[in-house]
$ cat entry-v3.txt   # compact mmCIF, C-alpha atoms
# COMPACT_ATOMS: atom_id res chain seq x y z
CA MET G 8 -218.84 -46.12 -143.48
CA SER G 9 -222.02 -48.07 -143.32
CA ASP G 10 -219.98 -51.30 -143.19
CA ASP G 11 -217.98 -49.86 -140.37
CA ARG G 12 -221.11 -49.09 -138.48
CA ASP G 13 -222.43 -52.54 -139.02
CA GLN G 14 -219.30 -53.97 -137.62
CA ARG G 15 -219.50 -51.72 -134.62
CA SER G 16 -223.07 -52.55 -133.94
CA GLY G 17 -222.22 -56.17 -134.47
CA ARG G 18 -219.52 -56.11 -131.84
CA PRO G 19 -221.60 -54.99 -128.90
CA GLY G 20 -224.14 -57.53 -130.01
CA GLY G 21 -221.51 -60.20 -129.87
CA ARG G 22 -220.31 -59.00 -126.51
CA ALA G 23 -223.79 -58.81 -125.11
CA GLY G 24 -223.50 -62.37 -123.91
CA ALA G 25 -220.40 -61.63 -121.87
CA GLY G 26 -221.87 -58.31 -120.72
CA GLY G 27 -225.03 -60.05 -119.61
CA GLY G 28 -222.94 -62.52 -117.65
CA ALA G 29 -221.11 -59.67 -115.95
CA ASP G 30 -224.41 -57.96 -115.18
CA LYS G 31 -225.65 -61.02 -113.47
CA GLY G 32 -222.63 -60.98 -111.22
CA GLY G 33 -222.29 -57.27 -110.64
CA ARG G 34 -220.67 -54.18 -111.97
CA ARG G 35 -217.08 -55.23 -112.26
CA GLY G 36 -217.38 -58.93 -112.77
CA PHE G 37 -217.38 -59.71 -109.05
CA PHE G 38 -220.18 -62.09 -108.59
CA ARG G 39 -220.52 -61.66 -104.83
CA ARG G 40 -222.28 -58.34 -104.71
CA ARG G 41 -225.29 -58.56 -102.49
CA ARG G 42 -225.77 -55.23 -100.86
CA VAL G 43 -227.71 -56.13 -97.81
CA CYS G 44 -226.82 -55.12 -94.32
CA LYS G 45 -226.78 -58.18 -92.12
CA PHE G 46 -227.85 -56.18 -89.09
CA CYS G 47 -230.78 -54.57 -90.92
CA VAL G 48 -231.99 -57.89 -92.24
CA GLU G 49 -231.73 -59.64 -88.90
CA LYS G 50 -233.06 -56.55 -87.11
CA ILE G 51 -230.18 -56.29 -84.68
CA ASP G 52 -230.40 -52.86 -83.06
CA TYR G 53 -227.64 -53.18 -80.54
CA ILE G 54 -224.32 -54.64 -81.59
CA ASN G 55 -222.90 -56.00 -78.39
CA TYR G 56 -219.13 -56.07 -78.09
CA LYS G 57 -219.29 -59.19 -75.93
CA ASP G 58 -220.91 -61.18 -78.71
CA VAL G 59 -217.79 -62.44 -80.43
CA LYS G 60 -219.71 -64.74 -82.73
CA LEU G 61 -221.56 -61.78 -84.15
CA LEU G 62 -218.40 -59.77 -84.76
CA THR G 63 -216.06 -62.38 -86.22
CA PRO G 64 -217.58 -62.45 -89.71
CA PHE G 65 -216.51 -58.81 -90.05
CA ILE G 66 -212.92 -59.43 -89.11
CA PRO G 67 -210.82 -61.03 -91.83
CA GLU G 68 -207.74 -63.10 -90.93
CA ARG G 69 -205.51 -60.13 -90.58
CA GLY G 70 -207.66 -58.72 -87.80
CA LYS G 71 -208.64 -55.53 -89.54
CA ILE G 72 -212.21 -54.30 -89.62
CA GLN G 73 -213.78 -55.23 -92.91
CA PRO G 74 -214.74 -52.17 -94.95
CA ARG G 75 -218.37 -51.49 -95.67
CA ARG G 76 -217.89 -51.73 -99.40
CA ILE G 77 -217.05 -55.38 -99.03
CA SER G 78 -219.35 -56.49 -96.26
CA GLY G 79 -222.32 -54.44 -97.46
CA VAL G 80 -223.18 -53.25 -93.96
CA CYS G 81 -225.13 -49.97 -93.86
CA ALA G 82 -223.45 -46.83 -92.51
CA THR G 83 -225.36 -46.78 -89.25
CA HIS G 84 -224.53 -50.34 -88.41
CA GLN G 85 -220.95 -50.09 -89.57
CA ARG G 86 -220.45 -47.29 -87.05
CA ALA G 87 -221.94 -49.40 -84.27
CA LEU G 88 -219.93 -52.39 -85.43
CA GLN G 89 -216.76 -50.34 -85.39
CA THR G 90 -217.15 -49.31 -81.75
CA ALA G 91 -218.13 -52.85 -80.80
CA ILE G 92 -215.03 -54.31 -82.43
CA LYS G 93 -212.79 -51.72 -80.82
CA ARG G 94 -214.22 -52.44 -77.40
CA ALA G 95 -213.88 -56.17 -77.90
CA ARG G 96 -210.25 -55.63 -78.80
CA GLN G 97 -209.60 -53.74 -75.57
CA VAL G 98 -210.70 -56.67 -73.47
CA ALA G 99 -208.84 -59.21 -75.61
CA LEU G 100 -211.91 -60.89 -77.04
CA ILE G 101 -210.72 -60.08 -80.55
CA PRO G 102 -207.11 -59.59 -81.68
CA TYR G 103 -205.78 -56.22 -82.81
CA VAL G 104 -203.56 -57.91 -85.36
CA THR G 105 -202.84 -61.48 -86.31
CA GLU G 106 -199.71 -62.45 -88.15
CA MET Z 13 -225.78 -38.07 -56.65
CA SER Z 14 -227.29 -36.86 -59.81
CA THR Z 15 -228.83 -39.02 -62.49
CA THR Z 16 -228.43 -42.76 -62.33
CA ARG Z 17 -226.81 -44.39 -65.30
CA GLN Z 18 -226.02 -47.93 -66.23
CA TYR Z 19 -222.48 -49.09 -66.77
CA GLU Z 20 -220.86 -52.33 -67.65
CA LEU Z 21 -217.59 -53.10 -66.02
CA ILE Z 22 -215.56 -55.95 -67.39
CA TYR Z 23 -212.23 -56.96 -65.94
CA ILE Z 24 -209.69 -59.67 -66.57
CA THR Z 25 -207.51 -61.28 -63.93
CA PRO Z 26 -204.68 -63.78 -64.41
CA PRO Z 27 -205.82 -67.42 -64.73
CA GLU Z 28 -204.14 -68.43 -61.48
CA THR Z 29 -206.18 -65.97 -59.40
CA THR Z 30 -207.84 -67.71 -56.46
CA GLU Z 31 -211.52 -67.59 -55.62
CA ASP Z 32 -210.69 -65.55 -52.53
CA ALA Z 33 -208.83 -62.93 -54.52
CA LEU Z 34 -211.75 -62.67 -56.92
CA ALA Z 35 -214.19 -62.29 -54.04
CA GLU Z 36 -211.94 -59.63 -52.55
CA LEU Z 37 -211.86 -57.77 -55.83
CA HIS Z 38 -215.61 -57.96 -56.13
CA GLN Z 39 -215.88 -56.60 -52.60
CA GLN Z 40 -213.64 -53.69 -53.51
CA VAL Z 41 -215.74 -52.87 -56.54
CA GLN Z 42 -218.89 -53.11 -54.51
CA SER Z 43 -217.58 -50.79 -51.81
CA VAL Z 44 -216.68 -48.14 -54.39
CA VAL Z 45 -220.08 -48.46 -56.04
CA GLU Z 46 -221.90 -48.20 -52.75
CA ARG Z 47 -219.89 -45.20 -51.65
CA PHE Z 48 -221.26 -43.35 -54.66
CA GLY Z 49 -224.78 -44.50 -53.95
CA GLY Z 50 -224.91 -46.99 -56.79
CA THR Z 51 -225.92 -50.61 -56.97
CA ILE Z 52 -224.53 -53.67 -58.71
CA GLU Z 53 -227.34 -55.02 -60.80
CA ARG Z 54 -225.74 -58.33 -61.56
CA THR Z 55 -222.38 -60.05 -61.73
CA GLU Z 56 -221.50 -62.50 -64.44
CA PRO Z 57 -218.34 -64.51 -63.90
CA TRP Z 58 -217.34 -65.80 -67.33
CA GLY Z 59 -214.56 -67.90 -65.95
CA ARG Z 60 -211.36 -68.78 -67.78
CA ARG Z 61 -211.14 -67.67 -71.37
CA ARG Z 62 -208.40 -67.60 -73.93
CA LEU Z 63 -207.16 -64.09 -74.57
CA ALA Z 64 -207.08 -62.99 -78.19
CA TYR Z 65 -203.55 -61.71 -77.62
CA GLU Z 66 -201.00 -61.94 -74.84
CA ILE Z 67 -201.28 -59.47 -72.00
CA GLY Z 68 -198.03 -59.48 -70.08
CA ARG Z 69 -197.12 -63.16 -70.65
CA HIS Z 70 -200.66 -64.33 -70.00
CA ARG Z 71 -202.50 -66.27 -72.66
CA GLU Z 72 -205.60 -66.88 -70.60
CA GLY Z 73 -207.59 -64.84 -68.16
CA ILE Z 74 -210.56 -64.91 -65.86
CA TYR Z 75 -213.29 -62.57 -67.04
CA VAL Z 76 -215.80 -60.94 -64.74
CA LEU Z 77 -218.64 -58.74 -65.91
CA GLU Z 78 -220.51 -56.43 -63.57
CA VAL Z 79 -223.54 -54.39 -64.48
CA ILE Z 80 -223.62 -51.28 -62.33
CA ASN Z 81 -226.26 -48.62 -61.80
CA GLY Z 82 -224.99 -45.37 -60.43
CA PRO Z 83 -223.84 -41.81 -61.07
CA GLY Z 84 -221.12 -40.95 -63.56
CA ALA Z 85 -218.58 -39.89 -60.94
CA LEU Z 86 -218.33 -43.53 -59.96
CA THR Z 87 -216.60 -44.57 -63.15
CA ALA Z 88 -213.62 -42.31 -62.64
CA GLU Z 89 -213.00 -43.71 -59.18
CA LEU Z 90 -213.49 -47.31 -60.30
CA ASP Z 91 -211.17 -46.76 -63.20
CA ARG Z 92 -208.49 -45.31 -60.94
CA ARG Z 93 -208.83 -48.11 -58.40
CA LEU Z 94 -208.76 -50.89 -60.95
CA ARG Z 95 -205.66 -49.49 -62.55
CA VAL Z 96 -203.86 -49.78 -59.23
CA PHE Z 97 -204.64 -53.45 -58.61
CA ASP Z 98 -202.00 -55.70 -60.09
CA THR Z 99 -204.47 -58.59 -60.04
CA VAL Z 100 -206.41 -56.87 -62.80
CA LEU Z 101 -204.83 -57.33 -66.19
CA ARG Z 102 -207.33 -55.26 -68.07
CA HIS Z 103 -210.61 -53.55 -67.40
CA LEU Z 104 -213.20 -51.68 -69.39
CA ILE Z 105 -216.11 -49.55 -68.28
CA VAL Z 106 -218.80 -48.86 -70.84
CA ARG Z 107 -221.95 -46.83 -70.43
CA THR Z 108 -224.83 -48.92 -71.69
CA ASP Z 109 -228.09 -47.17 -70.82
CA ASP Z 110 -227.96 -44.70 -73.71
CA GLU Z 111 -227.05 -47.35 -76.27
CA LEU Z 112 -229.78 -49.66 -75.09
CA ALA Z 113 -232.22 -46.75 -75.22
CA VAL Z 114 -231.25 -46.06 -78.82
CA ALA Z 115 -231.74 -49.71 -79.69
CA GLU Z 116 -235.09 -49.77 -77.96
CA ARG Z 117 -236.19 -46.67 -79.84
CA ALA Z 118 -235.18 -48.24 -83.15
CA ARG Z 119 -237.13 -51.35 -82.28
CA LEU Z 120 -240.24 -49.34 -81.39
CA ARG Z 121 -239.95 -47.25 -84.53
CA ARG Z 122 -239.75 -50.36 -86.66
CA LYS Z 123 -242.72 -51.86 -84.88
CA ALA Z 124 -244.75 -48.68 -85.38
CA ALA Z 125 -243.88 -48.65 -89.08
CA MET Z 126 -244.95 -52.25 -89.40
CA MET Z 127 -248.23 -51.58 -87.65
CA GLN Z 128 -248.88 -48.62 -89.92
CA ARG Z 129 -248.26 -50.74 -93.00
CA ARG Z 130 -250.59 -53.40 -91.73
CA VAL Z 131 -253.35 -50.93 -90.97
CA ARG Z 132 -253.00 -49.46 -94.44
CA ARG Z 133 -253.50 -52.90 -95.88
CA GLY Z 134 -256.62 -53.31 -93.76
CA LEU Z 135 -255.16 -55.85 -91.36
CA PRO Z 136 -255.16 -55.76 -87.58
CA PRO Z 137 -252.01 -53.97 -86.35
CA GLU Z 138 -250.61 -56.96 -84.50
CA PRO Z 139 -249.85 -60.09 -86.52
CA THR Z 140 -251.72 -63.01 -84.99
CA GLU Z 141 -250.20 -66.38 -84.24
CA GLN Z 142 -252.39 -68.03 -86.86
CA GLU Z 143 -251.13 -65.63 -89.47
CA ARG Z 144 -247.52 -66.58 -88.86
CA GLN Z 145 -247.91 -70.33 -88.88
CA PRO Z 146 -249.65 -70.92 -92.24
CA ARG Z 147 -247.22 -68.62 -94.04
CA GLU Z 148 -244.32 -70.86 -93.12
CA ASP Z 149 -246.32 -73.83 -94.32
CA ASP Z 150 -246.97 -72.01 -97.56
CA ASP Z 151 -243.27 -71.64 -98.18
CA ASP Z 152 -242.77 -75.33 -97.71
CA ASP Z 153 -245.57 -76.08 -100.13
CA ASP Z 154 -244.05 -73.82 -102.76
CA ALA Z 155 -240.69 -75.51 -102.46
CA MET Z 156 -242.31 -78.89 -102.83
CA PHE Z 157 -244.26 -77.71 -105.84
CA ARG Z 158 -241.14 -76.38 -107.49
CA MET Z 159 -239.29 -79.61 -106.91
CA GLY Z 160 -242.21 -81.54 -108.38
CA GLY Z 161 -242.23 -79.28 -111.44
CA GLY Z 162 -238.52 -79.86 -111.95
CA ARG Z 163 -239.05 -83.55 -112.09
$ encode --input "entry-v3.txt" --output "structure tokens"
Amino acid sequence: MSDDRDQRSGRPGGRAGAGGGADKGGRRGFFRRRRVCKFCVEKIDYINYKDVKLLTPFIPERGKIQPRRISGVCATHQRALQTAIKRARQVALIPYVTE
Amino acid sequence: MSTTRQYELIYITPPETTEDALAELHQQVQSVVERFGGTIERTEPWGRRRLAYEIGRHREGIYVLEVINGPGALTAELDRRLRVFDTVLRHLIVRTDDELAVAERARLRRKAAMMQRRVRRGLPPEPTEQERQPREDDDDDDAMFRMGGGR
């Protein structure tokens, strides 16, 4: 029993290196996990739909709106971003879909 | 004529639209706005732009942005009129005054919070020019120091 325990305790110790590496990157081994809202950091209060340059980083190739969990945008700004993107789509500044 | 609000009208015409036709369209918009007692604050012709997707065979369009001050009833009429014109591929009317007010409030709130923090730290509420400049220099110095240490 005691040997068993030693082994067990030994294992996590051995894994600690890998675990530490994962910790450095994030929870699930993704190493791009910086949770900062771009709009909060840059103090952008009004997300203008005419500013295509501002919106494009949040539109992956497919043309969908990037989810918050990936972009790290805060809820308030994601809402504003969402309306801005939808408006921009209406006036053909941004595509609805891209094949 | 109730409360005055600010709207942004943006419309797209086909790329081959002539200057005259654009002027005519602008005139039409202006007449509608004036009939409702509103004013056009400014007009921004963006010129030819690639469309993000085709609108009825067109790949390009001429964009015009108009900032309008006026009552809300105006938008319904403008919307109806613009839908009728076949020279207008697409249009969008957005109310902007409330959104800009929200943004302004957020900015003021942040500024007030900053001033409070500064007062608590015993600093004058407004950061002075001198205060900003040396701090940037400090950053540079640190970077240089770190590089020197690495060597």
$ atom_distance --input "entry-v3.txt" --atom1 "atom CA of Z:Gln142" --atom2 "atom CA of G:Cys44"
29.6 Å
$ residues_around --input "entry-v3.txt" --residues "Z:Leu112" --least-positions-apart "6" --cutoff "10 Å" --atoms "all atoms listed in the file" --output "list of chain:residue names"
G:Asp52, G:Tyr53, G:Ile54, G:Asn55, Z:Gln18, Z:Ala118
$ write_last_selection --input "entry-v3.txt" --atoms "C-alpha atoms" --output "mmCIF file, keeping the file's coordinate frame"
data_model
loop_
_atom_site.group_PDB
_atom_site.id
_atom_site.type_symbol
_atom_site.label_atom_id
_atom_site.label_comp_id
_atom_site.auth_asym_id
_atom_site.auth_seq_id
_atom_site.Cartn_x
_atom_site.Cartn_y
_atom_site.Cartn_z
ATOM 1 C CA ASP G 52 -230.400 -52.860 -83.060
ATOM 2 C CA TYR G 53 -227.640 -53.180 -80.540
ATOM 3 C CA ILE G 54 -224.320 -54.640 -81.590
ATOM 4 C CA ASN G 55 -222.900 -56.000 -78.390
ATOM 5 C CA GLN Z 18 -226.020 -47.930 -66.230
ATOM 6 C CA ALA Z 118 -235.180 -48.240 -83.150
#
$ interface_residues --input "entry-v3.txt" --of "chain Z" --to "chain G" --cutoff "8 Å" --atoms "only C-alpha atoms" --output "NGL selection string"
:Z and (22-24 or 63-65 or 102-104 or 111-112 or 115-116 or 118-119)
$ write_last_selection --input "entry-v3.txt" --atoms "C-alpha atoms" --output "compact mmCIF listing (two decimals), in the coordinates of the input"
# COMPACT_ATOMS: atom_id res chain seq x y z
CA ILE Z 22 -215.56 -55.95 -67.39
CA TYR Z 23 -212.23 -56.96 -65.94
CA ILE Z 24 -209.69 -59.67 -66.57
CA LEU Z 63 -207.16 -64.09 -74.57
CA ALA Z 64 -207.08 -62.99 -78.19
CA TYR Z 65 -203.55 -61.71 -77.62
CA ARG Z 102 -207.33 -55.26 -68.07
CA HIS Z 103 -210.61 -53.55 -67.40
CA LEU Z 104 -213.20 -51.68 -69.39
CA GLU Z 111 -227.05 -47.35 -76.27
CA LEU Z 112 -229.78 -49.66 -75.09
CA ALA Z 115 -231.74 -49.71 -79.69
CA GLU Z 116 -235.09 -49.77 -77.96
CA ALA Z 118 -235.18 -48.24 -83.15
CA ARG Z 119 -237.13 -51.35 -82.28
$ closest_residue --input "entry-v3.txt" --among "Z:Val79, Z:Ile74, Z:Ile67, Z:Leu37" --to "Z:Ile52" --atoms "only C-alpha atoms"
Z:Val79
$ residues_around --input "entry-v3.txt" --residues "Z:Glu20" --least-positions-apart "5" --cutoff "6 Å" --atoms "only C-alpha atoms" --output "CSV table (one decimal) with C-alpha atoms, keeping the file's coordinate frame"
chain,number,residue,atom,x,y,z
Z,78,GLU,CA,-220.5,-56.4,-63.6
Z,79,VAL,CA,-223.5,-54.4,-64.5
Z,105,ILE,CA,-216.1,-49.6,-68.3
Z,106,VAL,CA,-218.8,-48.9,-70.8
$ atom_distance --input "entry-v3.txt" --atom1 "atom CA of Z:Tyr75" --atom2 "atom CA of Z:Thr29"
11.0 Å
$ atom_distance --input "entry-v3.txt" --atom1 "atom CA of Z:Val76" --atom2 "atom CA of Z:Arg117"
29.1 Å
$ axis_aligned_box --input "entry-v3.txt" --around "stretch 72-79 of chain G" --padding-each-side "5 Å" --output "lines of an AutoDock Vina configuration file"
center_x = -217.3
center_y = -54.0
center_z = -94.5
size_x = 20.1
size_y = 15.0
size_z = 19.8
$ closest_residue --input "entry-v3.txt" --among "Z:Pro139, Z:Pro57, Z:Thr87, Z:His38" --to "Z:Arg107" --atoms "all atoms listed in the file"
Z:Thr87
$ residues_around --input "entry-v3.txt" --residues "Z:Pro136" --least-positions-apart "6" --cutoff "10 Å" --atoms "all atoms listed in the file" --output "ChimeraX atom specification"
/Z:127-128,130
$ residues_around --input "entry-v3.txt" --residues "Z:Gln42" --least-positions-apart "2" --cutoff "12 Å" --atoms "only C-alpha atoms" --output "number ranges by chain"
Z: 21, 35-40, 44-55, 78-82, 86, 90, 93
$ write_last_selection --input "entry-v3.txt" --atoms "C-alpha atoms" --output "short mmCIF file (atom, residue, chain, number, x, y, z; two decimals), in the coordinates of the input"
data_model
loop_
_atom_site.label_atom_id
_atom_site.label_comp_id
_atom_site.auth_asym_id
_atom_site.auth_seq_id
_atom_site.Cartn_x
_atom_site.Cartn_y
_atom_site.Cartn_z
CA LEU Z 21 -217.59 -53.10 -66.02
CA ALA Z 35 -214.19 -62.29 -54.04
CA GLU Z 36 -211.94 -59.63 -52.55
CA LEU Z 37 -211.86 -57.77 -55.83
CA HIS Z 38 -215.61 -57.96 -56.13
CA GLN Z 39 -215.88 -56.60 -52.60
CA GLN Z 40 -213.64 -53.69 -53.51
CA VAL Z 44 -216.68 -48.14 -54.39
CA VAL Z 45 -220.08 -48.46 -56.04
CA GLU Z 46 -221.90 -48.20 -52.75
CA ARG Z 47 -219.89 -45.20 -51.65
CA PHE Z 48 -221.26 -43.35 -54.66
CA GLY Z 49 -224.78 -44.50 -53.95
CA GLY Z 50 -224.91 -46.99 -56.79
CA THR Z 51 -225.92 -50.61 -56.97
CA ILE Z 52 -224.53 -53.67 -58.71
CA GLU Z 53 -227.34 -55.02 -60.80
CA ARG Z 54 -225.74 -58.33 -61.56
CA THR Z 55 -222.38 -60.05 -61.73
CA GLU Z 78 -220.51 -56.43 -63.57
CA VAL Z 79 -223.54 -54.39 -64.48
CA ILE Z 80 -223.62 -51.28 -62.33
CA ASN Z 81 -226.26 -48.62 -61.80
CA GLY Z 82 -224.99 -45.37 -60.43
CA LEU Z 86 -218.33 -43.53 -59.96
CA LEU Z 90 -213.49 -47.31 -60.30
CA ARG Z 93 -208.83 -48.11 -58.40
#
$ residues_around --input "entry-v3.txt" --residues "Z:Pro27" --least-positions-apart "6" --cutoff "12 Å" --atoms "only C-alpha atoms" --output "mmCIF file with C-alpha atoms, keeping the file's coordinate frame"
data_model
loop_
_atom_site.group_PDB
_atom_site.id
_atom_site.type_symbol
_atom_site.label_atom_id
_atom_site.label_comp_id
_atom_site.auth_asym_id
_atom_site.auth_seq_id
_atom_site.Cartn_x
_atom_site.Cartn_y
_atom_site.Cartn_z
ATOM 1 C CA ALA Z 33 -208.830 -62.930 -54.520
ATOM 2 C CA LEU Z 34 -211.750 -62.670 -56.920
ATOM 3 C CA TRP Z 58 -217.340 -65.800 -67.330
ATOM 4 C CA GLY Z 59 -214.560 -67.900 -65.950
ATOM 5 C CA ARG Z 60 -211.360 -68.780 -67.780
ATOM 6 C CA ARG Z 61 -211.140 -67.670 -71.370
ATOM 7 C CA ARG Z 62 -208.400 -67.600 -73.930
ATOM 8 C CA LEU Z 63 -207.160 -64.090 -74.570
ATOM 9 C CA ILE Z 67 -201.280 -59.470 -72.000
ATOM 10 C CA ARG Z 69 -197.120 -63.160 -70.650
ATOM 11 C CA HIS Z 70 -200.660 -64.330 -70.000
ATOM 12 C CA ARG Z 71 -202.500 -66.270 -72.660
ATOM 13 C CA GLU Z 72 -205.600 -66.880 -70.600
ATOM 14 C CA GLY Z 73 -207.590 -64.840 -68.160
ATOM 15 C CA ILE Z 74 -210.560 -64.910 -65.860
ATOM 16 C CA TYR Z 75 -213.290 -62.570 -67.040
ATOM 17 C CA VAL Z 76 -215.800 -60.940 -64.740
ATOM 18 C CA THR Z 99 -204.470 -58.590 -60.040
ATOM 19 C CA VAL Z 100 -206.410 -56.870 -62.800
ATOM 20 C CA LEU Z 101 -204.830 -57.330 -66.190
#
$ closest_residue --input "entry-v3.txt" --among "G:Gly70, G:Ile92, G:Glu106, G:Ser78" --to "G:Phe46" --atoms "only C-alpha atoms"
G:Ser78
$ decode --input "entry-v3.txt" --residues "stretch 86-106 of chain G" --atoms "N, CA and C atoms" --output "tab-separated table (two decimals), in the first residue's frame"
chain	number	residue	atom	x	y	z
G	86	ARG	N	-21.59	42.87	-27.69
G	86	ARG	CA	-22.93	43.27	-28.12
G	86	ARG	C	-22.85	44.42	-29.11
G	87	ALA	N	-22.03	45.40	-28.77
G	87	ALA	CA	-21.87	46.55	-29.66
G	87	ALA	C	-21.23	46.12	-30.97
G	88	LEU	N	-20.27	45.23	-30.86
G	88	LEU	CA	-19.57	44.72	-32.05
G	88	LEU	C	-20.54	43.98	-32.97
G	89	GLN	N	-21.40	43.22	-32.35
G	89	GLN	CA	-22.38	42.43	-33.09
G	89	GLN	C	-23.27	43.34	-33.94
G	90	THR	N	-23.82	44.39	-33.33
G	90	THR	CA	-24.68	45.28	-34.11
G	90	THR	C	-23.88	45.99	-35.19
G	91	ALA	N	-22.65	46.36	-34.86
G	91	ALA	CA	-21.81	47.06	-35.85
G	91	ALA	C	-21.56	46.16	-37.05
G	92	ILE	N	-21.24	44.89	-36.80
G	92	ILE	CA	-20.96	43.97	-37.89
G	92	ILE	C	-22.21	43.76	-38.74
G	93	LYS	N	-23.34	43.64	-38.08
G	93	LYS	CA	-24.59	43.40	-38.81
G	93	LYS	C	-24.96	44.60	-39.69
G	94	ARG	N	-24.70	45.78	-39.17
G	94	ARG	CA	-24.98	46.97	-39.97
G	94	ARG	C	-24.02	47.05	-41.16
G	95	ALA	N	-22.78	46.76	-40.89
G	95	ALA	CA	-21.77	46.82	-41.96
G	95	ALA	C	-22.11	45.82	-43.06
G	96	ARG	N	-22.67	44.69	-42.67
G	96	ARG	CA	-23.07	43.70	-43.66
G	96	ARG	C	-24.18	44.24	-44.54
G	97	GLN	N	-25.12	44.95	-43.94
G	97	GLN	CA	-26.27	45.45	-44.71
G	97	GLN	C	-25.83	46.38	-45.83
G	98	VAL	N	-24.81	47.17	-45.58
G	98	VAL	CA	-24.36	48.09	-46.62
G	98	VAL	C	-23.13	47.56	-47.35
G	99	ALA	N	-22.98	46.24	-47.34
G	99	ALA	CA	-21.96	45.57	-48.16
G	99	ALA	C	-20.53	46.02	-47.87
G	100	LEU	N	-20.27	46.41	-46.65
G	100	LEU	CA	-18.89	46.72	-46.28
G	100	LEU	C	-18.17	45.44	-45.86
G	101	ILE	N	-18.96	44.49	-45.36
G	101	ILE	CA	-18.45	43.22	-44.86
G	101	ILE	C	-19.33	42.13	-45.45
G	102	PRO	N	-18.76	41.01	-45.87
G	102	PRO	CA	-19.61	39.95	-46.44
G	102	PRO	C	-20.43	39.21	-45.39
G	103	TYR	N	-21.59	38.72	-45.83
G	103	TYR	CA	-22.38	37.85	-44.95
G	103	TYR	C	-21.69	36.49	-44.85
G	104	VAL	N	-21.36	35.95	-46.01
G	104	VAL	CA	-20.63	34.68	-46.06
G	104	VAL	C	-19.56	34.77	-47.13
G	105	THR	N	-18.50	34.04	-46.94
G	105	THR	CA	-17.49	33.92	-47.99
G	105	THR	C	-17.20	32.45	-48.17
G	106	GLU	N	-17.18	32.04	-49.44
G	106	GLU	CA	-16.97	30.61	-49.69
G	106	GLU	C	-15.48	30.29	-49.72
